[in-house]
Amino acid sequence: MRFDAAVLRSYESRFAVEEVTLNTGPAEGEILVRIAGCGMCRTDLAVRGSAGRSPLPAVLGHEGAGVVVETGGPDTGLSDGDHVVLSFDSCGHCRNCIGAAPAYCDSFASLNLFGGRKESAARLIDAAGDELAPRWFGQSSFAEYAVVPARNAVRADPSLPIELLGPLGCGFLTGAGAVFNSFGVGPGDTLAVFGAGAVGLAAVMAAAATGAVIVAVDRHPERLALAERFGAVPLHATTAGLPGRIQQLTDGGAQYALDTTASARLINDALRSLRPTGHLGLVARLHTALSLEPGALDRGRRISHICEGDAVPGLLIPRLTGLWQAGRFPFDELIRTYPLADINEAERDCDAGRVVKPVLLPEGRIR
């Protein structure tokens, strides 16, 4: 089957929408999904900064959602016509997967970033007959169709707008999961969120749903306005004496802080904003050595990295859609949709801060 996909050919190039060929259908344990929408995540764009690691040319995209059109074998647990949200890949049998921590799968990097499963190699061929890199995050969903391991897919209520649900598989899952799973935030708890992008605002919405007291820090006034609408007290990142101001707003310091910026200055501010025994979680990848200022990490404060919100997607995604239906997790207010053909415009708007979460809508035609 032939269909359109956005191909990234080099670490220096822009995306190009091309016709590609899927040369085999779903194998046992896999499904073929007609993509209704796919979120654009910073991780997709960061491929350009990881030359020599994530293989190119490739079809990226890992926040896909759509409709199952074919299943590979009887044991996928899914049927043709099911609506599904796609999340990250994991092996399912290592110690961490068995322990309900698939984001820390022993094979996470190889499955999602650096080559995928051996059986997924050479699935996609370009118009010249050349192979594209194995699927990205088990999906490669910047495309009209994707072949996906069934364990990556979470069934969704068909009454929901499937084209908008893809970001629940990664970006929104990460922010909300940090609040619900990593921190266990509850009513009256205090949380400071540094960076009001897609992940940070998802954390704000999730914390508001628990009845927590929230402070949001960012440098973009329009994003601070969104955070305030969702229940946070907004603070500009350049506020003088930022840690002290957060301590005032949280009655002596936040119990939890989430950094989505990877800024060393803000990470130190986040640590200083915590009360004794407070917990800072980092979700953004650091690009340089992190120097901690004297006194920032003391009095029982701790810092940890959080991957994919410590989530089991099959549990958290239905929870998030349920909160959205109840009006308590309005993630759709962060989304702007673009045709797949406008992927480079979506990237420019994302980089410029004009949109929080771009979602690409393919045409979905088999040729």
# chains A, B, ... in the order shown; residues from 1 in each chain; ligands from 1

call {"tool": "select_by_dssp", "arguments": {"residues": "region 130-307 of chain A", "states": "alpha helix (DSSP H)", "output": "PyMOL selection string"}}
result
chain A and resi 171-177+198-210+221-229+242-249+264-273

call {"tool": "residues_around", "arguments": {"residues": "Leu297 (chain A)", "least_positions_apart": "4", "cutoff": "8 Å", "atoms": "only C-alpha atoms", "output": "PyMOL selection string"}}
result
chain A and resi 271-272+292-293+301-302

call {"tool": "closest_residue", "arguments": {"among": "A:Trp324, A:Phe88, A:Tyr338, A:Phe137", "to": "Leu165 (chain A)", "atoms": "only C-alpha atoms"}}
result
A:Trp324

call {"tool": "residues_around", "arguments": {"residues": "region 202-219 of chain A", "least_positions_apart": "6", "cutoff": "9 Å", "atoms": "only C-alpha atoms", "output": "PyMOL selection string"}}
result
chain A and resi 171-180+185-196+227-228+230-238+246+249-250+254+258+320+323+328-331

call {"tool": "atom_distance", "arguments": {"atom1": "CA of Val7 (chain A)", "atom2": "CA of Gly61 (chain A)"}}
result
10.0 Å

call {"tool": "residues_around", "arguments": {"residues": "region 361-363 of chain A", "least_positions_apart": "6", "cutoff": "6 Å", "atoms": "only C-alpha atoms", "output": "ChimeraX atom specification"}}
result
/A:37,144,339-340

call {"tool": "write_last_selection", "arguments": {"atoms": "N, CA, C and O atoms", "output": "PDB file, in the first residue's frame"}}
result
ATOM      1  N   GLY A  37      -4.887  11.857  13.533  1.00  0.00           N
ATOM      2  CA  GLY A  37      -4.149  13.036  13.964  1.00  0.00           C
ATOM      3  C   GLY A  37      -2.913  12.617  14.719  1.00  0.00           C
ATOM      4  O   GLY A  37      -2.887  11.567  15.362  1.00  0.00           O
ATOM      5  N   GLU A 144      -0.180   8.882   6.921  1.00  0.00           N
ATOM      6  CA  GLU A 144      -1.577   8.509   6.820  1.00  0.00           C
ATOM      7  C   GLU A 144      -1.871   7.168   7.478  1.00  0.00           C
ATOM      8  O   GLU A 144      -3.005   6.920   7.908  1.00  0.00           O
ATOM      9  N   PRO A 339      -2.946  20.634   8.445  1.00  0.00           N
ATOM     10  CA  PRO A 339      -2.819  19.513   7.519  1.00  0.00           C
ATOM     11  C   PRO A 339      -1.395  18.962   7.563  1.00  0.00           C
ATOM     12  O   PRO A 339      -0.432  19.704   7.813  1.00  0.00           O
ATOM     13  N   LEU A 340      -1.253  17.679   7.323  1.00  0.00           N
ATOM     14  CA  LEU A 340       0.084  17.083   7.304  1.00  0.00           C
ATOM     15  C   LEU A 340       0.992  17.825   6.328  1.00  0.00           C
ATOM     16  O   LEU A 340       2.194  17.989   6.596  1.00  0.00           O
TER      17      LEU A 340
END
